[in-house]
Amino acid sequence: MAYQAEYLWIDGSEPTREIRGKTKILADGDTPGIWGYDGSSTNQATGDNSDVVLSPVFQCPDPIRGGNNILVLCETLLTGDMSPHPTNTRAAAAAALAQYGDQEPIFGLEQEYTLINPATGWPAGFPPNGFPAPQGPYYCGVGSLKIHGRDLIERHTQACIDAGLAISGTNAEVMPGQWEFQIGPVDTVTVGDHMWVARYLLYRLAEDYEVEVSIEAKPMKGDWNGAGMHTNFSTKAMRENYDAIIAACEAMGAEGVPERHLAGYGIGIEDRLTGAHETQRFDQFSYGVSDRGASIRIPWQVAKEGKGYIEDRRPNANADPYILSTLLTNTICSALA
Ligand code: ADP
Ligand code: MN
Ligand code: MN
Ligand code: MN
């Protein structure tokens, strides 16, 4: 029996990359190989030299189609010398892991996102002419007035589990219509692979619910929380002693480092990192125990036990997980080496 392989890749959309996919029918016993697509339709090539190569890097069961069908995440390569396409951010993550893998870097990413009602263009739960009650009851809330989109979230979570992704939890967020799932803890490359496939499943399942998923960092201006992608990170040394935790925080605050990192933390960072709504201002750097107003939070259990991980609270929901994991691996592992 033939089966379907959904080839997935990351496009060249500006300012925020999108996931794309197309289907290949494979004969029973065949495995997915190199493929290609029209890069002039994805902002990755010109019409006169349009082919971009798809090279499979991660595959898993397709929990939506079921059966023998699979998802095939690919990296993009240039046709000439088969080197990474300029928009291929996974290659740098793989290089960082190859260089620092002996320190066993691992990540947990908290992907926040907002469900948008396509009819109004407003977040799910926002009435067409006005605003819902102020923030307070929605975070981890229960009940019809507080919660919008639960069916989709339940289906997405089960789909991630069925695909074998390292999903570690979900919760309703502070703004109505806003949700979160977490991927991790897994290594520098795997966290990006699983996050992109989890995003694909979320967008794809949302089609069935006539709702649009947005990873915009500040979908509602004013007194509403933005959407981030808190990045939890540790190395073997950080999981064993507190000096390494502090050294990691110091490395993240060293001269020039915060600016360099923020440039890779997603578009619209200044709109979200205002100093309000559980953020530190984008132009200030701080770290502290339990401090949700700091750039980097050391969780209280980590301070208590004297080991564990740190949480970089600055990345936006619309960040590229490969860029995040590359930045943190290189900055912290080079300092701890
Ligand atoms: P909070 O909402 O309190 O900030 P979450 O529970 O949403 O925290 O996310 C915490 C994330 O940290 C999870 O994805 C988890 O997998 C990850 N994590 C736990 N331990 C470690 C560790 N030692 N190194 C890296 N990430 C970790
Ligand atoms: Mn969280
Ligand atoms: Mn959150
Ligand atoms: Mn967090």
# chains A, B, ... in the order shown; residues from 1 in each chain; ligands from 1
>>> closest_atom_pairs(of="stretch 91-174 of chain A", to="stretch 53-59 of chain A", cutoff="12 Å", atoms="only C-alpha atoms", output="Markdown table")
| residue | atom | partner | partner_atom | distance |
| --- | --- | --- | --- | --- |
| A:Ala91 | CA | A:Val57 | CA | 10.7 |
| A:Ala94 | CA | A:Val57 | CA | 11.0 |
| A:Ala163 | CA | A:Gln59 | CA | 9.2 |
| A:Gly164 | CA | A:Gln59 | CA | 9.9 |
| A:Leu165 | CA | A:Gln59 | CA | 10.3 |
>>> write_last_selection(atoms="C-alpha atoms", output="PDB file, in the first residue's frame")
ATOM      1  CA  ALA A  91      22.825  24.073  10.037  1.00  0.00           C
ATOM      2  CA  ALA A  94      23.904  21.440  14.304  1.00  0.00           C
ATOM      3  CA  ALA A 163       3.921  12.003  16.719  1.00  0.00           C
ATOM      4  CA  GLY A 164       6.459  11.245  19.454  1.00  0.00           C
ATOM      5  CA  LEU A 165       7.408  14.894  20.012  1.00  0.00           C
TER       6      LEU A 165
END
>>> residues_near_ligand(ligand="ligand 1", cutoff="10 Å", atoms="only C-alpha atoms and all ligand atoms", output="MDAnalysis selection string")
chainID A and resid 104:112 166:171 173 180:187 191 229:236 238:240 290 292 297:299 302 307:313
>>> write_last_selection(atoms="C-alpha atoms", output="PDB file, in the first residue's frame")
ATOM      1  CA  GLU A 104      25.186  18.190  27.096  1.00  0.00           C
ATOM      2  CA  PRO A 105      23.191  21.384  26.449  1.00  0.00           C
ATOM      3  CA  ILE A 106      19.412  20.909  26.713  1.00  0.00           C
ATOM      4  CA  PHE A 107      16.453  23.221  26.133  1.00  0.00           C
ATOM      5  CA  GLY A 108      12.809  23.583  27.091  1.00  0.00           C
ATOM      6  CA  LEU A 109      10.941  26.126  24.959  1.00  0.00           C
ATOM      7  CA  GLU A 110       7.592  27.605  26.051  1.00  0.00           C
ATOM      8  CA  GLN A 111       5.706  28.483  22.869  1.00  0.00           C
ATOM      9  CA  GLU A 112       2.977  31.049  23.543  1.00  0.00           C
ATOM     10  CA  ALA A 166       8.904  15.941  23.349  1.00  0.00           C
ATOM     11  CA  ILE A 167       5.891  18.010  24.391  1.00  0.00           C
ATOM     12  CA  SER A 168       6.071  18.555  28.153  1.00  0.00           C
ATOM     13  CA  GLY A 169       2.911  20.548  28.964  1.00  0.00           C
ATOM     14  CA  THR A 170       0.262  23.084  27.970  1.00  0.00           C
ATOM     15  CA  ASN A 171      -1.614  25.909  29.689  1.00  0.00           C
ATOM     16  CA  GLU A 173      -2.278  32.090  29.170  1.00  0.00           C
ATOM     17  CA  GLU A 180       1.157  27.860  25.553  1.00  0.00           C
ATOM     18  CA  PHE A 181       2.776  24.496  24.972  1.00  0.00           C
ATOM     19  CA  GLN A 182       6.269  23.445  25.963  1.00  0.00           C
ATOM     20  CA  ILE A 183       8.798  21.335  24.057  1.00  0.00           C
ATOM     21  CA  GLY A 184      11.716  19.825  25.951  1.00  0.00           C
ATOM     22  CA  PRO A 185      14.014  19.237  27.574  1.00  0.00           C
ATOM     23  CA  VAL A 186      15.967  18.072  24.514  1.00  0.00           C
ATOM     24  CA  ASP A 187      19.202  19.050  22.736  1.00  0.00           C
ATOM     25  CA  VAL A 191      14.303  21.306  20.253  1.00  0.00           C
ATOM     26  CA  MET A 229       8.974  31.863  23.897  1.00  0.00           C
ATOM     27  CA  HIS A 230      10.722  31.568  27.249  1.00  0.00           C
ATOM     28  CA  THR A 231      13.895  29.569  26.716  1.00  0.00           C
ATOM     29  CA  ASN A 232      14.914  27.237  29.529  1.00  0.00           C
ATOM     30  CA  PHE A 233      18.502  26.078  29.268  1.00  0.00           C
ATOM     31  CA  SER A 234      21.046  23.959  31.083  1.00  0.00           C
ATOM     32  CA  THR A 235      24.303  22.161  30.581  1.00  0.00           C
ATOM     33  CA  LYS A 236      25.553  19.149  32.550  1.00  0.00           C
ATOM     34  CA  MET A 238      24.533  23.720  35.435  1.00  0.00           C
ATOM     35  CA  ARG A 239      22.530  20.636  36.373  1.00  0.00           C
ATOM     36  CA  GLU A 240      25.251  19.811  38.919  1.00  0.00           C
ATOM     37  CA  SER A 290      12.022  33.859  40.908  1.00  0.00           C
ATOM     38  CA  ARG A 292       9.544  37.365  36.302  1.00  0.00           C
ATOM     39  CA  ARG A 297      14.935  34.045  35.873  1.00  0.00           C
ATOM     40  CA  ILE A 298      16.575  31.447  38.083  1.00  0.00           C
ATOM     41  CA  PRO A 299      13.638  29.263  39.208  1.00  0.00           C
ATOM     42  CA  VAL A 302      17.122  25.848  41.291  1.00  0.00           C
ATOM     43  CA  LYS A 307      21.600  23.336  40.554  1.00  0.00           C
ATOM     44  CA  GLY A 308      19.273  23.067  37.565  1.00  0.00           C
ATOM     45  CA  TYR A 309      18.594  25.512  34.733  1.00  0.00           C
ATOM     46  CA  ILE A 310      17.939  29.152  33.823  1.00  0.00           C
ATOM     47  CA  GLU A 311      15.014  30.736  31.978  1.00  0.00           C
ATOM     48  CA  ASP A 312      15.695  33.428  29.363  1.00  0.00           C
ATOM     49  CA  ARG A 313      12.350  35.257  29.353  1.00  0.00           C
TER      50      ARG A 313
END
>>> atom_distance(atom1="atom CA of A:Ile161", atom2="atom CA of A:Ala98")
27.7 Å
>>> atom_distance(atom1="atom CA of A:Ser50", atom2="atom CA of A:Val72")
21.6 Å
>>> residues_around(residues="A:Thr42", least_positions_apart="6", cutoff="7 Å", atoms="only C-alpha atoms", output="list in words")
Asp11, Gly12 and Ser13 of chain A
>>> write_last_selection(atoms="all heavy atoms", output="mmCIF file, in the first residue's frame")
data_model
loop_
_atom_site.group_PDB
_atom_site.id
_atom_site.type_symbol
_atom_site.label_atom_id
_atom_site.label_comp_id
_atom_site.auth_asym_id
_atom_site.auth_seq_id
_atom_site.Cartn_x
_atom_site.Cartn_y
_atom_site.Cartn_z
ATOM 1 N N ASP A 11 10.353 28.408 5.333
ATOM 2 C CA ASP A 11 10.463 29.245 4.147
ATOM 3 C C ASP A 11 11.338 30.477 4.381
ATOM 4 O O ASP A 11 12.070 30.553 5.380
ATOM 5 C CB ASP A 11 9.055 29.617 3.643
ATOM 6 C CG ASP A 11 8.371 30.635 4.547
ATOM 7 O OD1 ASP A 11 9.001 31.172 5.488
ATOM 8 O OD2 ASP A 11 7.179 30.919 4.291
ATOM 9 N N GLY A 12 11.260 31.449 3.495
ATOM 10 C CA GLY A 12 12.046 32.667 3.615
ATOM 11 C C GLY A 12 11.201 33.891 3.925
ATOM 12 O O GLY A 12 11.653 35.018 3.716
ATOM 13 N N SER A 13 9.980 33.682 4.416
ATOM 14 C CA SER A 13 9.081 34.808 4.710
ATOM 15 C C SER A 13 9.739 35.801 5.649
ATOM 16 O O SER A 13 10.409 35.411 6.597
ATOM 17 C CB SER A 13 7.775 34.311 5.345
ATOM 18 O OG SER A 13 7.014 33.591 4.417
#
>>> residues_around(residues="A:Ala95", least_positions_apart="2", cutoff="12 Å", atoms="only C-alpha atoms", output="list in words")
Pro84, Thr89, Arg90, Ala91, Ala92, Ala93, Leu97, Ala98, Gln99, Tyr100, Gly101, Thr188, Val189, Tyr322, Ile323, Ser325, Thr326, Leu327, Thr329 and Asn330 of chain A
>>> write_last_selection(atoms="C-alpha atoms", output="PDB file, in the first residue's frame")
ATOM      1  CA  PRO A  84      22.818  25.131   3.426  1.00  0.00           C
ATOM      2  CA  THR A  89      19.157  28.162  10.432  1.00  0.00           C
ATOM      3  CA  ARG A  90      19.315  24.507  11.439  1.00  0.00           C
ATOM      4  CA  ALA A  91      22.825  24.073  10.037  1.00  0.00           C
ATOM      5  CA  ALA A  92      24.261  26.514  12.617  1.00  0.00           C
ATOM      6  CA  ALA A  93      22.393  24.738  15.428  1.00  0.00           C
ATOM      7  CA  LEU A  97      25.817  21.016  19.046  1.00  0.00           C
ATOM      8  CA  ALA A  98      28.768  19.337  17.314  1.00  0.00           C
ATOM      9  CA  GLN A  99      31.153  21.800  18.978  1.00  0.00           C
ATOM     10  CA  TYR A 100      29.647  21.765  22.486  1.00  0.00           C
ATOM     11  CA  GLY A 101      27.783  18.461  22.677  1.00  0.00           C
ATOM     12  CA  THR A 188      20.069  22.136  20.657  1.00  0.00           C
ATOM     13  CA  VAL A 189      18.914  20.624  17.347  1.00  0.00           C
ATOM     14  CA  TYR A 322      17.065  27.079  15.864  1.00  0.00           C
ATOM     15  CA  ILE A 323      18.400  30.644  16.196  1.00  0.00           C
ATOM     16  CA  SER A 325      19.213  27.374  20.624  1.00  0.00           C
ATOM     17  CA  THR A 326      22.309  28.288  18.591  1.00  0.00           C
ATOM     18  CA  LEU A 327      22.757  31.613  20.423  1.00  0.00           C
ATOM     19  CA  THR A 329      24.563  27.101  23.209  1.00  0.00           C
ATOM     20  CA  ASN A 330      27.408  29.166  21.762  1.00  0.00           C
TER      21      ASN A 330
END
>>> select_by_dssp(residues="stretch 23-151 of chain A", states="helix (DSSP H, G or I)", output="list in words")
Gly39, Ser40, Ser41, Arg90, Ala91, Ala92, Ala93, Ala94, Ala95, Ala96, Leu97, Ala98, Gln99, Tyr100, Gly101, Asp102, Gln103, Arg150 and Asp151 of chain A
>>> write_last_selection(atoms="N, CA, C and O atoms", output="PDB file, in the first residue's frame")
ATOM      1  N   GLY A  39      11.484  27.647  -4.963  1.00  0.00           N
ATOM      2  CA  GLY A  39      11.877  28.656  -3.989  1.00  0.00           C
ATOM      3  C   GLY A  39      11.473  30.072  -4.368  1.00  0.00           C
ATOM      4  O   GLY A  39      11.465  30.964  -3.521  1.00  0.00           O
ATOM      5  N   SER A  40      11.109  30.280  -5.657  1.00  0.00           N
ATOM      6  CA  SER A  40      10.696  31.637  -6.048  1.00  0.00           C
ATOM      7  C   SER A  40       9.304  31.952  -5.490  1.00  0.00           C
ATOM      8  O   SER A  40       8.884  33.099  -5.487  1.00  0.00           O
ATOM      9  N   SER A  41       8.603  30.931  -4.994  1.00  0.00           N
ATOM     10  CA  SER A  41       7.284  31.143  -4.384  1.00  0.00           C
ATOM     11  C   SER A  41       7.333  31.174  -2.867  1.00  0.00           C
ATOM     12  O   SER A  41       6.298  31.259  -2.209  1.00  0.00           O
ATOM     13  N   ARG A  90      19.049  25.751  10.720  1.00  0.00           N
ATOM     14  CA  ARG A  90      19.315  24.507  11.439  1.00  0.00           C
ATOM     15  C   ARG A  90      20.795  24.123  11.358  1.00  0.00           C
ATOM     16  O   ARG A  90      21.345  23.530  12.295  1.00  0.00           O
ATOM     17  N   ALA A  91      21.428  24.463  10.235  1.00  0.00           N
ATOM     18  CA  ALA A  91      22.825  24.073  10.037  1.00  0.00           C
ATOM     19  C   ALA A  91      23.713  24.645  11.154  1.00  0.00           C
ATOM     20  O   ALA A  91      24.595  23.947  11.670  1.00  0.00           O
ATOM     21  N   ALA A  92      23.455  25.900  11.543  1.00  0.00           N
ATOM     22  CA  ALA A  92      24.261  26.514  12.617  1.00  0.00           C
ATOM     23  C   ALA A  92      23.977  25.849  13.959  1.00  0.00           C
ATOM     24  O   ALA A  92      24.879  25.711  14.797  1.00  0.00           O
ATOM     25  N   ALA A  93      22.728  25.442  14.178  1.00  0.00           N
ATOM     26  CA  ALA A  93      22.393  24.738  15.428  1.00  0.00           C
ATOM     27  C   ALA A  93      23.129  23.405  15.489  1.00  0.00           C
ATOM     28  O   ALA A  93      23.658  23.017  16.539  1.00  0.00           O
ATOM     29  N   ALA A  94      23.194  22.721  14.346  1.00  0.00           N
ATOM     30  CA  ALA A  94      23.904  21.440  14.304  1.00  0.00           C
ATOM     31  C   ALA A  94      25.397  21.642  14.563  1.00  0.00           C
ATOM     32  O   ALA A  94      26.036  20.839  15.257  1.00  0.00           O
ATOM     33  N   ALA A  95      25.955  22.740  14.023  1.00  0.00           N
ATOM     34  CA  ALA A  95      27.380  23.031  14.246  1.00  0.00           C
ATOM     35  C   ALA A  95      27.646  23.334  15.723  1.00  0.00           C
ATOM     36  O   ALA A  95      28.646  22.885  16.291  1.00  0.00           O
ATOM     37  N   ALA A  96      26.733  24.104  16.358  1.00  0.00           N
ATOM     38  CA  ALA A  96      26.892  24.433  17.790  1.00  0.00           C
ATOM     39  C   ALA A  96      26.844  23.159  18.622  1.00  0.00           C
ATOM     40  O   ALA A  96      27.642  22.985  19.555  1.00  0.00           O
ATOM     41  N   LEU A  97      25.931  22.267  18.276  1.00  0.00           N
ATOM     42  CA  LEU A  97      25.817  21.016  19.046  1.00  0.00           C
ATOM     43  C   LEU A  97      27.048  20.140  18.832  1.00  0.00           C
ATOM     44  O   LEU A  97      27.535  19.500  19.771  1.00  0.00           O
ATOM     45  N   ALA A  98      27.572  20.130  17.586  1.00  0.00           N
ATOM     46  CA  ALA A  98      28.768  19.337  17.314  1.00  0.00           C
ATOM     47  C   ALA A  98      29.952  19.869  18.135  1.00  0.00           C
ATOM     48  O   ALA A  98      30.748  19.100  18.673  1.00  0.00           O
ATOM     49  N   GLN A  99      30.022  21.207  18.247  1.00  0.00           N
ATOM     50  CA  GLN A  99      31.153  21.800  18.978  1.00  0.00           C
ATOM     51  C   GLN A  99      31.042  21.598  20.492  1.00  0.00           C
ATOM     52  O   GLN A  99      32.047  21.352  21.159  1.00  0.00           O
ATOM     53  N   TYR A 100      29.812  21.738  21.023  1.00  0.00           N
ATOM     54  CA  TYR A 100      29.647  21.765  22.486  1.00  0.00           C
ATOM     55  C   TYR A 100      28.841  20.601  23.047  1.00  0.00           C
ATOM     56  O   TYR A 100      28.428  20.631  24.203  1.00  0.00           O
ATOM     57  N   GLY A 101      28.603  19.598  22.237  1.00  0.00           N
ATOM     58  CA  GLY A 101      27.783  18.461  22.677  1.00  0.00           C
ATOM     59  C   GLY A 101      28.294  17.788  23.937  1.00  0.00           C
ATOM     60  O   GLY A 101      27.513  17.244  24.720  1.00  0.00           O
ATOM     61  N   ASP A 102      29.624  17.865  24.164  1.00  0.00           N
ATOM     62  CA  ASP A 102      30.186  17.218  25.363  1.00  0.00           C
ATOM     63  C   ASP A 102      29.684  17.886  26.648  1.00  0.00           C
ATOM     64  O   ASP A 102      29.712  17.287  27.716  1.00  0.00           O
ATOM     65  N   GLN A 103      29.182  19.139  26.560  1.00  0.00           N
ATOM     66  CA  GLN A 103      28.605  19.812  27.747  1.00  0.00           C
ATOM     67  C   GLN A 103      27.127  19.445  27.940  1.00  0.00           C
ATOM     68  O   GLN A 103      26.482  19.917  28.868  1.00  0.00           O
ATOM     69  N   ARG A 150     -10.381  25.436  23.606  1.00  0.00           N
ATOM     70  CA  ARG A 150      -9.854  24.253  24.308  1.00  0.00           C
ATOM     71  C   ARG A 150      -9.841  23.005  23.419  1.00  0.00           C
ATOM     72  O   ARG A 150      -8.884  22.222  23.484  1.00  0.00           O
ATOM     73  N   ASP A 151     -10.866  22.810  22.586  1.00  0.00           N
ATOM     74  CA  ASP A 151     -10.915  21.599  21.747  1.00  0.00           C
ATOM     75  C   ASP A 151      -9.669  21.482  20.870  1.00  0.00           C
ATOM     76  O   ASP A 151      -9.103  20.403  20.717  1.00  0.00           O
TER      77      ASP A 151
END
>>> closest_residue(among="A:Gly80, A:Pro315, A:Gly121, A:Pro137", to="ligand 4", atoms="only C-alpha atoms and all ligand atoms")
A:Pro315
>>> residues_around(residues="stretch 20-29 of chain A", least_positions_apart="6", cutoff="12 Å", atoms="only C-alpha atoms", output="count of residues only")
40
>>> closest_residue(among="A:Pro15, A:Pro32, A:Gly228, A:Gly275", to="ligand 2", atoms="only C-alpha atoms and all ligand atoms")
A:Gly228
>>> closest_residue(among="A:Phe126, A:Phe131, A:Tyr139, A:Tyr265", to="A:Asp320", atoms="only C-alpha atoms")
A:Tyr265
>>> closest_residue(among="A:Lys146, A:His85, A:Arg314, A:Arg260", to="ligand 4", atoms="only C-alpha atoms and all ligand atoms")
A:Arg314
>>> residues_around(residues="A:Val257", least_positions_apart="2", cutoff="12 Å", atoms="only C-alpha atoms", output="PyMOL selection string")
chain A and resi 249-255+259-264+283-285+327-328+330-332+335
>>> closest_residue(among="A:Asp162, A:Glu216, A:Asp193, A:Glu154", to="A:Ala317", atoms="only C-alpha atoms")
A:Glu216
>>> residues_around(residues="A:Tyr287", least_positions_apart="2", cutoff="6 Å", atoms="only C-alpha atoms", output="JSON, numbers by chain")
{"A": [294, 295, 296, 297]}
>>> write_last_selection(atoms="N, CA, C and O atoms", output="PDB file, in the first residue's frame")
ATOM      1  N   ALA A 294      12.722  40.024  35.369  1.00  0.00           N
ATOM      2  CA  ALA A 294      14.135  40.013  34.973  1.00  0.00           C
ATOM      3  C   ALA A 294      14.264  39.468  33.550  1.00  0.00           C
ATOM      4  O   ALA A 294      13.364  38.818  33.034  1.00  0.00           O
ATOM      5  N   SER A 295      15.410  39.744  32.922  1.00  0.00           N
ATOM      6  CA  SER A 295      15.678  39.155  31.603  1.00  0.00           C
ATOM      7  C   SER A 295      15.791  37.641  31.738  1.00  0.00           C
ATOM      8  O   SER A 295      15.248  36.887  30.929  1.00  0.00           O
ATOM      9  N   ILE A 296      16.533  37.230  32.779  1.00  0.00           N
ATOM     10  CA  ILE A 296      16.735  35.804  33.035  1.00  0.00           C
ATOM     11  C   ILE A 296      16.281  35.476  34.453  1.00  0.00           C
ATOM     12  O   ILE A 296      16.695  36.137  35.412  1.00  0.00           O
ATOM     13  N   ARG A 297      15.419  34.494  34.565  1.00  0.00           N
ATOM     14  CA  ARG A 297      14.935  34.045  35.873  1.00  0.00           C
ATOM     15  C   ARG A 297      15.635  32.748  36.246  1.00  0.00           C
ATOM     16  O   ARG A 297      15.783  31.838  35.424  1.00  0.00           O
TER      17      ARG A 297
END
>>> closest_residue(among="A:Gly143, A:Pro63, A:Pro132, A:Gly177", to="A:His156", atoms="only C-alpha atoms")
A:Pro63
>>> decode(residues="stretch 128-202 of chain A", atoms="C-alpha atoms", output="CSV table (one decimal), in the first residue's frame")
chain,number,residue,atom,x,y,z
A,128,PRO,CA,-16.6,42.2,18.2
A,129,ASN,CA,-17.3,45.7,19.6
A,130,GLY,CA,-15.3,46.1,22.8
A,131,PHE,CA,-13.0,44.3,25.2
A,132,PRO,CA,-13.4,41.3,27.6
A,133,ALA,CA,-13.0,41.8,31.3
A,134,PRO,CA,-9.4,42.7,32.3
A,135,GLN,CA,-6.6,40.1,32.7
A,136,GLY,CA,-6.7,38.0,35.9
A,137,PRO,CA,-9.0,35.0,35.6
A,138,TYR,CA,-7.7,33.6,32.2
A,139,TYR,CA,-4.3,32.2,33.1
A,140,CYS,CA,-4.8,28.4,33.7
A,141,GLY,CA,-8.5,29.2,33.9
A,142,VAL,CA,-11.5,26.9,33.6
A,143,GLY,CA,-15.0,27.8,32.3
A,144,SER,CA,-16.7,29.1,29.1
A,145,LEU,CA,-16.2,32.8,29.8
A,146,LYS,CA,-12.5,32.4,30.4
A,147,ILE,CA,-11.5,29.7,28.0
A,148,HIS,CA,-11.6,29.9,24.2
A,149,GLY,CA,-10.3,27.1,21.9
A,150,ARG,CA,-9.9,24.3,24.3
A,151,ASP,CA,-10.9,21.6,21.7
A,152,LEU,CA,-8.1,22.6,19.4
A,153,ILE,CA,-5.5,22.6,22.2
A,154,GLU,CA,-6.6,19.1,23.4
A,155,ARG,CA,-6.3,17.8,19.8
A,156,HIS,CA,-2.9,19.5,19.2
A,157,THR,CA,-1.5,18.1,22.5
A,158,GLN,CA,-2.6,14.5,21.6
A,159,ALA,CA,-1.2,14.9,18.1
A,160,CYS,CA,2.2,16.0,19.4
A,161,ILE,CA,2.2,12.9,21.8
A,162,ASP,CA,1.2,10.6,18.9
A,163,ALA,CA,3.9,12.0,16.7
A,164,GLY,CA,6.5,11.2,19.5
A,165,LEU,CA,7.4,14.9,20.0
A,166,ALA,CA,8.9,15.9,23.3
A,167,ILE,CA,5.9,18.0,24.4
A,168,SER,CA,6.1,18.6,28.2
A,169,GLY,CA,2.9,20.5,29.0
A,170,THR,CA,0.3,23.1,28.0
A,171,ASN,CA,-1.6,25.9,29.7
A,172,ALA,CA,-4.1,28.7,29.0
A,173,GLU,CA,-2.3,32.1,29.2
A,174,VAL,CA,-2.9,35.5,30.8
A,175,MET,CA,-4.7,37.1,27.8
A,176,PRO,CA,-8.0,35.6,26.6
A,177,GLY,CA,-7.4,33.4,23.5
A,178,GLN,CA,-3.7,33.0,24.4
A,179,TRP,CA,-2.2,29.5,25.1
A,180,GLU,CA,1.2,27.9,25.6
A,181,PHE,CA,2.8,24.5,25.0
A,182,GLN,CA,6.3,23.4,26.0
A,183,ILE,CA,8.8,21.3,24.1
A,184,GLY,CA,11.7,19.8,26.0
A,185,PRO,CA,14.0,19.2,27.6
A,186,VAL,CA,16.0,18.1,24.5
A,187,ASP,CA,19.2,19.0,22.7
A,188,THR,CA,20.1,22.1,20.7
A,189,VAL,CA,18.9,20.6,17.3
A,190,THR,CA,16.0,18.4,18.5
A,191,VAL,CA,14.3,21.3,20.3
A,192,GLY,CA,14.1,23.2,16.9
A,193,ASP,CA,13.0,20.1,15.0
A,194,HIS,CA,10.2,19.3,17.4
A,195,MET,CA,9.1,22.9,17.8
A,196,TRP,CA,8.7,23.4,14.0
A,197,VAL,CA,6.8,20.1,13.7
A,198,ALA,CA,4.6,21.1,16.7
A,199,ARG,CA,3.9,24.5,15.1
A,200,TYR,CA,3.0,22.7,11.8
A,201,LEU,CA,0.5,20.5,13.7
A,202,LEU,CA,-1.0,23.5,15.5
